[in-house]
>>> print(open('my_file03.cif').read())   # mmCIF, C-alpha atoms
data_protein
loop_
_atom_site.label_atom_id
_atom_site.label_comp_id
_atom_site.auth_asym_id
_atom_site.auth_seq_id
_atom_site.Cartn_x
_atom_site.Cartn_y
_atom_site.Cartn_z
CA MET A 1 78.03 8.90 -79.15
CA PHE A 2 74.67 9.53 -77.48
CA ASP A 3 72.41 7.81 -79.94
CA PHE A 4 69.65 6.05 -78.09
CA ASP A 5 67.59 3.52 -79.93
CA ALA A 6 65.95 0.15 -79.42
CA THR A 7 69.22 -1.20 -78.04
CA LEU A 8 68.32 0.29 -74.67
CA PRO A 9 65.04 -1.54 -73.89
CA LEU A 10 66.26 -4.74 -75.46
CA MET A 11 69.40 -4.61 -73.39
CA ALA A 12 67.29 -4.06 -70.28
CA VAL A 13 65.11 -7.05 -71.11
CA GLN A 14 68.17 -9.11 -71.90
CA PHE A 15 69.70 -8.14 -68.60
CA LEU A 16 66.57 -9.12 -66.69
CA LEU A 17 66.52 -12.45 -68.49
CA LEU A 18 70.16 -12.94 -67.61
CA ALA A 19 69.41 -12.15 -63.97
CA ALA A 20 66.56 -14.66 -63.94
CA LEU A 21 68.69 -17.29 -65.67
CA LEU A 22 71.63 -16.79 -63.34
CA ASN A 23 69.24 -16.89 -60.40
CA ALA A 24 68.14 -20.33 -61.51
CA ILE A 25 71.52 -21.79 -62.43
CA PHE A 26 73.94 -19.88 -60.22
CA TYR A 27 72.62 -17.97 -57.21
CA LYS A 28 70.02 -20.43 -55.98
CA PRO A 29 72.04 -23.67 -56.12
CA LEU A 30 75.23 -22.15 -54.82
CA THR A 31 73.45 -20.20 -52.08
CA LYS A 32 71.81 -23.44 -51.04
CA VAL A 33 75.17 -25.16 -50.94
CA LEU A 34 76.70 -22.34 -48.92
CA ASP A 35 73.85 -22.36 -46.41
CA GLU A 36 73.93 -26.12 -46.15
CA ARG A 37 77.64 -26.03 -45.56
CA ASP A 38 77.20 -23.37 -42.90
CA ASN A 39 74.62 -25.55 -41.21
CA TYR A 40 76.83 -28.60 -41.51
CA VAL A 41 79.79 -26.82 -40.02
CA ARG A 42 77.68 -25.33 -37.24
CA THR A 43 76.07 -28.64 -36.25
CA ASN A 44 79.40 -30.41 -36.43
CA LYS A 45 80.95 -27.78 -34.24
CA LEU A 46 78.12 -28.10 -31.73
CA GLU A 47 78.46 -31.86 -31.72
CA ALA A 48 82.18 -31.61 -31.24
CA GLN A 49 81.68 -29.22 -28.36
CA GLU A 50 79.17 -31.56 -26.81
CA ARG A 51 81.59 -34.42 -27.16
CA LEU A 52 84.34 -32.35 -25.66
CA THR A 53 82.25 -31.50 -22.62
CA LYS A 54 81.26 -35.14 -22.32
CA THR A 55 84.89 -36.15 -22.51
CA GLU A 56 85.78 -33.67 -19.85
CA GLN A 57 83.00 -34.98 -17.67
CA LEU A 58 84.23 -38.52 -18.16
CA THR A 59 87.77 -37.47 -17.36
CA ASN A 60 86.60 -35.82 -14.18
CA GLN A 61 84.59 -38.88 -13.28
CA TYR A 62 87.55 -41.14 -13.84
CA LYS A 63 89.76 -38.86 -11.83
CA GLN A 64 87.28 -38.96 -8.99
CA GLN A 65 87.07 -42.72 -9.21
CA LEU A 66 90.81 -42.95 -9.23
CA ALA A 67 91.11 -40.76 -6.16
CA GLU A 68 88.43 -42.79 -4.44
CA ALA A 69 90.20 -46.03 -5.27
CA ARG A 70 93.44 -44.59 -3.96
CA LYS A 71 91.74 -43.55 -0.77
CA GLN A 72 90.20 -46.98 -0.40
CA SER A 73 93.47 -48.74 -0.94
CA GLN A 74 95.07 -46.44 1.58
CA ALA A 75 92.32 -47.28 4.04
CA VAL A 76 92.76 -50.98 3.39
CA ILE A 77 96.47 -50.71 3.96
CA THR A 78 95.98 -48.76 7.17
CA SER A 79 93.39 -51.16 8.51
CA ALA A 80 95.57 -54.13 7.65
CA GLN A 81 98.48 -52.54 9.39
CA THR A 82 96.46 -51.79 12.54
CA GLU A 83 95.07 -55.29 12.51
CA ALA A 84 98.53 -56.75 12.17
CA GLN A 85 99.73 -54.60 15.01
CA LYS A 86 96.79 -55.67 17.11
CA ILE A 87 97.46 -59.32 16.38
CA ALA A 88 101.10 -58.91 17.19
CA ALA A 89 100.25 -57.15 20.45
CA GLU A 90 97.78 -59.90 21.34
CA LYS A 91 100.31 -62.58 20.63
CA VAL A 92 102.91 -60.82 22.71
CA ALA A 93 100.44 -60.37 25.58
CA GLU A 94 99.42 -64.01 25.41
CA ALA A 95 103.00 -65.17 25.44
CA GLN A 96 103.73 -62.93 28.39
CA LYS A 97 100.71 -64.24 30.24
CA GLU A 98 101.72 -67.81 29.61
CA ALA A 99 105.20 -67.13 30.79
CA GLN A 100 103.78 -65.49 33.85
CA SER A 101 101.55 -68.41 34.63
CA GLN A 102 104.38 -70.87 34.11
CA ARG A 103 106.57 -68.86 36.42
CA GLU A 104 103.81 -68.71 39.00
CA GLN A 105 103.34 -72.44 38.80
CA ALA A 106 107.02 -73.05 39.18
CA GLN A 107 107.02 -70.72 42.17
CA ARG A 108 104.12 -72.54 43.62
CA GLU A 109 105.87 -75.92 43.22
CA ILE A 110 108.99 -74.53 44.73
CA ASP A 111 106.97 -73.20 47.65
CA GLN A 112 105.25 -76.54 48.14
CA GLN A 113 108.47 -78.47 48.06
CA LYS A 114 109.95 -76.00 50.46
CA GLN A 115 106.97 -76.51 52.74
CA GLU A 116 107.34 -80.26 52.51
CA ALA A 117 110.99 -80.05 53.19
CA MET A 118 110.36 -77.82 56.13
CA SER A 119 107.73 -80.14 57.61
CA SER A 120 109.93 -83.20 57.13
CA LEU A 121 112.77 -81.26 58.67
CA GLU A 122 110.56 -80.38 61.59
CA GLN A 123 109.73 -84.04 62.12
CA GLN A 124 113.35 -84.91 61.97
CA VAL A 125 114.08 -82.11 64.47
CA ASP A 126 111.46 -83.58 66.75
CA ALA A 127 112.94 -87.04 66.47
CA LEU A 128 116.44 -85.79 66.95
CA SER A 129 115.51 -83.68 69.93
CA GLN A 130 113.80 -86.81 71.40
CA GLN A 131 116.91 -88.82 70.83
CA ILE A 132 119.07 -86.04 72.39
CA ILE A 133 116.83 -85.97 75.40
CA GLU A 134 116.95 -89.75 75.70
CA LYS A 135 120.71 -89.75 75.38
CA LEU A 136 121.00 -87.10 78.03
CA LEU A 137 118.66 -88.81 80.40
CA GLU A 138 120.07 -92.29 79.94
CA PRO A 139 123.05 -92.05 82.25
CA ALA A 140 120.84 -90.84 85.02
CA HIS A 141 118.63 -93.87 84.92
CA GLY A 142 121.32 -96.04 84.18
CA MET B 1 87.54 10.86 -83.46
CA GLU B 2 88.02 10.36 -87.16
CA MET B 3 90.66 13.03 -86.97
CA LEU B 4 92.97 10.75 -85.02
CA SER B 5 92.88 8.05 -87.62
CA VAL B 6 93.59 10.68 -90.24
CA LEU B 7 96.55 11.93 -88.30
CA ASN B 8 98.08 8.55 -88.09
CA PRO B 9 100.18 7.78 -91.12
CA PHE B 10 100.56 4.11 -90.22
CA ASN B 11 96.91 3.32 -90.13
CA SER B 12 97.44 -0.16 -91.40
CA LEU B 13 97.48 -1.80 -87.97
CA PRO B 14 94.03 -3.17 -87.19
CA LEU B 15 94.62 -2.66 -83.47
CA ALA B 16 95.22 1.02 -83.81
CA SER B 17 92.12 2.40 -85.41
CA LEU B 18 89.56 4.39 -83.54
CA GLU B 19 85.91 4.42 -84.29
CA VAL B 20 83.43 6.03 -81.97
CA GLY B 21 79.90 6.73 -83.00
CA HIS B 22 79.94 4.19 -85.78
CA HIS B 23 77.63 1.30 -85.21
CA PHE B 24 76.97 -2.01 -86.78
CA TYR B 25 73.23 -1.50 -87.20
CA TRP B 26 70.69 -4.26 -87.16
CA GLN B 27 67.19 -3.61 -88.38
CA LEU B 28 64.36 -5.16 -86.39
CA GLY B 29 61.09 -4.10 -87.93
CA ASN B 30 61.56 -0.37 -88.02
CA LEU B 31 63.76 -0.42 -84.91
CA LYS B 32 67.48 0.11 -85.06
CA LEU B 33 69.79 -1.95 -82.91
CA HIS B 34 73.50 -1.68 -82.22
CA GLY B 35 74.56 -5.11 -83.33
CA GLN B 36 78.11 -4.99 -82.00
CA VAL B 37 76.83 -4.33 -78.48
CA PHE B 38 74.59 -7.35 -78.61
CA LEU B 39 77.27 -9.57 -80.05
CA THR B 40 79.70 -8.81 -77.24
CA SER B 41 76.96 -8.89 -74.60
CA TRP B 42 75.99 -12.36 -75.81
CA PHE B 43 79.58 -13.35 -75.48
CA VAL B 44 79.59 -12.02 -71.90
CA ILE B 45 76.32 -13.76 -71.11
CA GLY B 46 77.76 -16.93 -72.59
CA ILE B 47 80.79 -16.73 -70.32
CA LEU B 48 78.61 -16.20 -67.25
CA VAL B 49 76.21 -19.00 -68.13
CA VAL B 50 78.97 -21.46 -68.96
CA ALA B 51 80.83 -20.62 -65.76
CA SER B 52 77.65 -21.00 -63.73
CA LEU B 53 76.77 -24.30 -65.33
CA ALA B 54 80.29 -25.59 -64.85
CA ALA B 55 80.21 -24.53 -61.21
CA THR B 56 76.85 -26.09 -60.42
CA ARG B 57 77.08 -29.16 -62.61
CA ASN B 58 78.55 -31.32 -59.91
CA ILE B 59 78.02 -29.57 -56.59
CA GLN B 60 80.02 -30.92 -53.70
CA ARG B 61 80.22 -30.05 -50.06
CA ILE B 62 83.95 -29.50 -50.30
CA PRO B 63 84.27 -27.28 -53.34
CA ASN B 64 87.15 -27.29 -55.73
CA GLY B 65 88.05 -25.78 -59.05
CA ILE B 66 85.38 -23.75 -60.77
CA GLN B 67 82.83 -24.34 -58.02
CA ASN B 68 85.20 -22.88 -55.48
CA PHE B 69 85.84 -19.89 -57.68
CA MET B 70 82.17 -19.20 -58.31
CA GLU B 71 81.40 -19.66 -54.62
CA TYR B 72 84.04 -17.06 -53.92
CA ALA B 73 82.33 -14.74 -56.40
CA LEU B 74 78.95 -15.43 -54.85
CA GLU B 75 80.22 -14.80 -51.35
CA PHE B 76 81.76 -11.56 -52.52
CA ILE B 77 78.41 -10.50 -53.99
CA ARG B 78 76.51 -11.61 -50.92
CA ASP B 79 78.84 -9.65 -48.69
CA LEU B 80 78.44 -6.61 -50.88
CA ALA B 81 74.64 -6.83 -50.77
CA LYS B 82 74.65 -7.62 -47.06
CA ASN B 83 76.87 -4.68 -46.23
CA GLN B 84 74.72 -2.26 -48.19
CA ILE B 85 71.19 -3.55 -47.64
CA GLY B 86 71.54 -5.22 -44.28
CA GLU B 87 71.33 -8.74 -42.97
CA LYS B 88 67.55 -8.87 -42.90
CA GLU B 89 66.56 -7.87 -46.41
CA TYR B 90 69.51 -8.54 -48.66
CA ARG B 91 68.65 -12.03 -49.81
CA PRO B 92 66.05 -11.32 -52.52
CA TRP B 93 68.30 -8.62 -53.98
CA VAL B 94 71.40 -10.77 -54.39
CA PRO B 95 70.49 -11.93 -57.92
CA PHE B 96 69.89 -8.40 -59.20
CA ILE B 97 72.94 -6.80 -57.63
CA GLY B 98 75.09 -9.82 -58.35
CA THR B 99 74.10 -9.91 -61.99
CA LEU B 100 74.80 -6.19 -62.25
CA PHE B 101 78.25 -6.73 -60.85
CA LEU B 102 79.06 -9.84 -62.86
CA PHE B 103 77.70 -8.50 -66.14
CA ILE B 104 79.49 -5.16 -65.85
CA PHE B 105 82.69 -6.73 -64.58
CA VAL B 106 82.91 -9.37 -67.30
CA SER B 107 81.90 -6.81 -69.92
CA ASN B 108 84.57 -4.37 -68.83
CA TRP B 109 87.29 -6.97 -68.63
CA SER B 110 86.32 -8.53 -71.91
CA GLY B 111 86.67 -5.07 -73.44
CA ALA B 112 90.06 -4.63 -71.83
CA LEU B 113 91.48 -8.13 -72.34
CA ILE B 114 90.05 -9.47 -75.57
CA PRO B 115 91.28 -7.91 -78.78
CA TRP B 116 87.81 -7.48 -80.23
CA ARG B 117 89.10 -5.21 -82.94
CA LEU B 118 90.76 -8.11 -84.69
CA ILE B 119 87.30 -9.32 -85.63
CA LYS B 120 86.20 -7.19 -88.52
CA LEU B 121 82.62 -5.99 -88.77
CA PRO B 122 81.11 -4.36 -91.81
CA GLU B 123 80.76 -1.17 -89.82
CA GLY B 124 81.70 -0.06 -86.33
CA GLU B 125 83.79 -2.28 -84.11
CA LEU B 126 83.37 -4.75 -81.29
CA ALA B 127 84.07 -3.45 -77.80
CA ALA B 128 82.87 -3.88 -74.26
CA PRO B 129 79.05 -3.68 -74.12
CA THR B 130 79.40 -1.13 -71.36
CA ASN B 131 81.02 1.44 -73.60
CA ASP B 132 77.70 1.94 -75.33
CA ILE B 133 75.47 4.50 -73.62
CA ASN B 134 72.40 2.36 -74.30
CA THR B 135 73.71 -0.45 -72.12
CA THR B 136 74.67 1.73 -69.19
CA VAL B 137 71.41 3.69 -69.31
CA ALA B 138 69.46 0.44 -69.48
CA LEU B 139 71.26 -0.84 -66.37
CA ALA B 140 70.84 2.48 -64.56
CA LEU B 141 67.11 2.66 -65.36
CA LEU B 142 66.70 -0.91 -64.15
CA THR B 143 68.38 0.14 -60.93
CA SER B 144 65.93 3.03 -60.59
CA LEU B 145 63.02 0.68 -61.19
CA ALA B 146 64.51 -1.72 -58.69
CA TYR B 147 64.71 0.77 -55.88
CA PHE B 148 61.25 2.15 -56.63
CA TYR B 149 59.96 -1.42 -56.56
CA ALA B 150 61.80 -2.03 -53.29
CA GLY B 151 60.28 1.07 -51.71
CA PHE B 152 56.75 0.38 -52.93
CA SER B 153 56.74 -3.28 -52.03
CA LYS B 154 58.00 -2.47 -48.54
CA LYS B 155 55.93 0.60 -47.71
CA GLY B 156 53.24 1.00 -50.36
CA LEU B 157 52.23 4.58 -51.03
CA ARG B 158 53.87 5.75 -47.82
CA TYR B 159 57.06 5.50 -49.82
CA PHE B 160 56.28 8.99 -51.12
CA THR B 161 56.55 10.46 -47.65
CA LYS B 162 60.31 10.22 -47.96
CA TYR B 163 60.19 13.16 -50.35
CA ILE B 164 58.79 15.48 -47.68
CA GLU B 165 59.79 13.60 -44.58
CA PRO B 166 62.51 15.67 -42.92
CA THR B 167 61.16 18.90 -44.38
CA PRO B 168 59.10 19.73 -47.49
CA ILE B 169 61.66 22.35 -48.45
CA LEU B 170 63.88 19.61 -49.80
CA LEU B 171 61.12 18.27 -52.06
CA PRO B 172 62.66 19.57 -55.31
CA ILE B 173 66.03 18.12 -54.39
CA ALA B 174 64.47 14.82 -53.43
CA ILE B 175 62.71 14.65 -56.77
CA LEU B 176 65.83 15.71 -58.58
CA GLU B 177 67.70 12.91 -56.87
CA ASP B 178 65.58 10.33 -58.63
CA PHE B 179 66.84 11.71 -61.92
CA THR B 180 70.44 12.25 -60.95
CA LYS B 181 70.83 8.74 -59.60
CA PRO B 182 70.39 6.89 -62.92
CA LEU B 183 72.10 9.70 -64.75
CA SER B 184 75.22 9.56 -62.60
CA LEU B 185 75.22 5.76 -62.57
CA SER B 186 75.02 5.44 -66.33
CA PHE B 187 77.40 8.27 -67.21
CA ARG B 188 79.98 7.23 -64.67
CA LEU B 189 80.18 3.74 -66.10
CA PHE B 190 79.91 4.81 -69.73
CA GLY B 191 82.45 7.60 -69.32
CA ASN B 192 84.98 5.50 -67.48
CA ILE B 193 84.89 2.57 -69.85
CA LEU B 194 84.79 4.61 -73.03
CA ALA B 195 87.52 6.94 -71.79
CA ASP B 196 89.68 4.01 -70.83
CA GLU B 197 89.30 2.38 -74.21
CA LEU B 198 89.96 5.69 -75.95
CA VAL B 199 93.09 6.37 -73.91
CA VAL B 200 94.41 2.92 -74.67
CA ALA B 201 93.57 3.28 -78.35
CA VAL B 202 95.17 6.71 -78.61
CA LEU B 203 98.31 5.53 -76.88
CA VAL B 204 98.46 2.51 -79.13
CA LEU B 205 98.15 4.90 -82.08
CA LEU B 206 101.00 7.05 -80.86
CA VAL B 207 103.38 4.47 -79.39
CA PRO B 208 102.34 0.96 -80.38
CA LEU B 209 104.71 -0.93 -78.08
CA PHE B 210 104.99 -1.22 -74.29
CA VAL B 211 103.91 2.33 -73.43
CA PRO B 212 100.17 1.54 -73.39
CA LEU B 213 100.71 -1.39 -71.03
CA PRO B 214 100.54 0.56 -67.73
CA VAL B 215 97.46 2.35 -69.00
CA MET B 216 95.93 -1.00 -69.88
CA ALA B 217 96.68 -2.25 -66.39
CA LEU B 218 95.10 0.88 -64.97
CA GLY B 219 92.17 0.20 -67.29
CA LEU B 220 91.71 -3.26 -65.81
CA PHE B 221 91.75 -1.72 -62.37
CA THR B 222 89.20 1.01 -63.16
CA SER B 223 87.02 -1.50 -64.97
CA ALA B 224 86.83 -3.68 -61.88
CA ILE B 225 86.28 -0.65 -59.66
CA GLN B 226 83.48 0.62 -61.88
CA ALA B 227 81.67 -2.71 -61.70
CA LEU B 228 82.03 -2.64 -57.93
CA VAL B 229 80.87 0.97 -57.72
CA PHE B 230 77.82 0.37 -59.87
CA ALA B 231 76.74 -2.67 -57.87
CA THR B 232 77.47 -1.01 -54.54
CA LEU B 233 75.54 2.12 -55.45
CA ALA B 234 72.60 0.10 -56.73
CA ALA B 235 72.53 -1.79 -53.45
CA ALA B 236 72.83 1.47 -51.51
CA TYR B 237 69.90 3.01 -53.39
CA ILE B 238 67.78 -0.07 -52.75
CA HIS B 239 68.72 0.07 -49.09
CA GLU B 240 67.76 3.74 -48.99
CA ALA B 241 64.36 2.99 -50.48
CA LEU B 242 63.83 0.17 -48.02
CA GLU B 243 64.93 2.19 -45.03
CA GLY B 244 63.22 5.47 -45.87
CA HIS B 245 64.43 8.96 -45.08
CA GLY B 246 67.48 9.93 -43.09
CA GLU B 247 70.12 8.00 -45.00
CA ALA B 248 69.99 10.01 -48.18
CA GLU B 249 73.73 10.70 -48.06
CA HIS B 250 74.53 7.00 -48.15
CA GLY B 251 77.23 6.34 -50.70
CA GLU B 252 76.62 9.42 -52.78
CA HIS B 253 80.23 10.46 -53.06
CA MET B 254 81.69 7.64 -55.06
CA PRO B 255 83.87 8.45 -58.08
#
>>> encode(input="my_file03.cif", output="structure tokens")
Amino acid sequence: MFDFDATLPLMAVQFLLLAALLNAIFYKPLTKVLDERDNYVRTNKLEAQERLTKTEQLTNQYKQQLAEARKQSQAVITSAQTEAQKIAAEKVAEAQKEAQSQREQAQREIDQQKQEAMSSLEQQVDALSQQIIEKLLEPAHG
Amino acid sequence: MEMLSVLNPFNSLPLASLEVGHHFYWQLGNLKLHGQVFLTSWFVIGILVVASLAATRNIQRIPNGIQNFMEYALEFIRDLAKNQIGEKEYRPWVPFIGTLFLFIFVSNWSGALIPWRLIKLPEGELAAPTNDINTTVALALLTSLAYFYAGFSKKGLRYFTKYIEPTPILLPIAILEDFTKPLSLSFRLFGNILADELVVAVLVLLVPLFVPLPVMALGLFTSAIQALVFATLAAAYIHEALEGHGEAEHGEHMP
């Protein structure tokens, strides 16, 4: 069972040759492939992460823009509403003023006519009173 | 072990014969080789090389089929080496530890799964390469060399200070450790694999049907565990040599 002979060194040499051969045709190429794949996966992962952060940034940007646009539209609506209100108020004020002026004019005309009527009435009173006096005095002269 | 085959009256089944200590010798100059060990180890090497070539023939970023499987194996080995040696220094040791694991694992499982005994040899029988003490001692000595190399290349001659670093009283034990490490590595693997094959063979001798199956399943399990243990311990020893004193207890209590 324990008979050592030249099998031992030859087996050792054969084993070393096998190790060298396998190193050339098995360990080296497959190790290279494994490392390359690790690198590939790592870089891809990094890239994907970068893209993800970029996407998130873009999303945030868009959200901001959207909020801004909403704010702007709100502002536009508000300003339009105030403007419309202002215009309406102006129009109302103008109409009121016009009405006022028309009323004043009418008043003034009425006043004038009243004045005229009064003055003509006064003249007539004068004439009438003259006539009354004449009528009263006539019999005396008579 | 011959006794068992003598005891068995139905020794006609080729699956149920036991031969330990018989080798199919090759003569190389005046050196003797265990041919059956080399034959099966070439088979194992062939499997590994073919699988590697198939996995790397058409490398794609998204792996499938054999490439996926071998990448899984490689990641397993890399994790093993990384856990034992540490993130910083494990990379140059992956081929050594990985080849230890793959070679022992495929050897063990080939011994457990492939009915080598159906192939007749003139003498001895085919089995897992790791059930020959020469193979396991070769691997264990290579591990010793590896961790010495790791220590020297990292620290130069200051590597020797680890023998007297906490206290010189432990010097004999520290030196002894360098001998017990390869010894325990090689005998653990050899003993487990050989014992497993013997248990299966003996059970097959006694009860040829169904009863050996749970033991075979257990054998598959221990075979895998032994490959893992050998590779883990080798990595732990290398880590120890790289780190220096203080972690001498690292992973010494494995089965």
>>> residues_near_point(input="my_file03.cif", point="(75.5, -13.4, -55.5)", cutoff="12 Å", atoms="only C-alpha atoms", output="ChimeraX atom specification")
/A:19,22-32,34 /B:52,70-82,90-103,231
>>> atom_distance(input="my_file03.cif", atom1="atom CA of Pro212 of chain B", atom2="atom CA of Gly191 of chain B")
19.2 Å
>>> atom_distance(input="my_file03.cif", atom1="atom CA of Pro182 of chain B", atom2="atom CA of Leu141 of chain B")
5.9 Å
>>> residues_around(input="my_file03.cif", residues="Met11 of chain A", least_positions_apart="2", cutoff="10 Å", atoms="only C-alpha atoms", output="MDAnalysis selection string")
(chainID A and resid 6:9 13:17) or (chainID B and resid 33 37:38 41 129 134:139)
>>> write_last_selection(input="my_file03.cif", atoms="C-alpha atoms", output="PDB file, keeping the file's coordinate frame")
ATOM      1  CA  ALA A   6      65.950   0.150 -79.420  1.00  0.00           C
ATOM      2  CA  THR A   7      69.220  -1.200 -78.040  1.00  0.00           C
ATOM      3  CA  LEU A   8      68.320   0.290 -74.670  1.00  0.00           C
ATOM      4  CA  PRO A   9      65.040  -1.540 -73.890  1.00  0.00           C
ATOM      5  CA  VAL A  13      65.110  -7.050 -71.110  1.00  0.00           C
ATOM      6  CA  GLN A  14      68.170  -9.110 -71.900  1.00  0.00           C
ATOM      7  CA  PHE A  15      69.700  -8.140 -68.600  1.00  0.00           C
ATOM      8  CA  LEU A  16      66.570  -9.120 -66.690  1.00  0.00           C
ATOM      9  CA  LEU A  17      66.520 -12.450 -68.490  1.00  0.00           C
TER      10      LEU A  17
ATOM     11  CA  LEU B  33      69.790  -1.950 -82.910  1.00  0.00           C
ATOM     12  CA  VAL B  37      76.830  -4.330 -78.480  1.00  0.00           C
ATOM     13  CA  PHE B  38      74.590  -7.350 -78.610  1.00  0.00           C
ATOM     14  CA  SER B  41      76.960  -8.890 -74.600  1.00  0.00           C
ATOM     15  CA  PRO B 129      79.050  -3.680 -74.120  1.00  0.00           C
ATOM     16  CA  ASN B 134      72.400   2.360 -74.300  1.00  0.00           C
ATOM     17  CA  THR B 135      73.710  -0.450 -72.120  1.00  0.00           C
ATOM     18  CA  THR B 136      74.670   1.730 -69.190  1.00  0.00           C
ATOM     19  CA  VAL B 137      71.410   3.690 -69.310  1.00  0.00           C
ATOM     20  CA  ALA B 138      69.460   0.440 -69.480  1.00  0.00           C
ATOM     21  CA  LEU B 139      71.260  -0.840 -66.370  1.00  0.00           C
TER      22      LEU B 139
END
>>> residues_around(input="my_file03.cif", residues="segment 57-63 of chain B", least_positions_apart="5", cutoff="8 Å", atoms="only C-alpha atoms", output="list in words")
Val33 and Arg37 of chain A; Asn68 of chain B
>>> atom_distance(input="my_file03.cif", atom1="atom CA of Tyr147 of chain B", atom2="atom CA of Ala236 of chain B")
9.2 Å
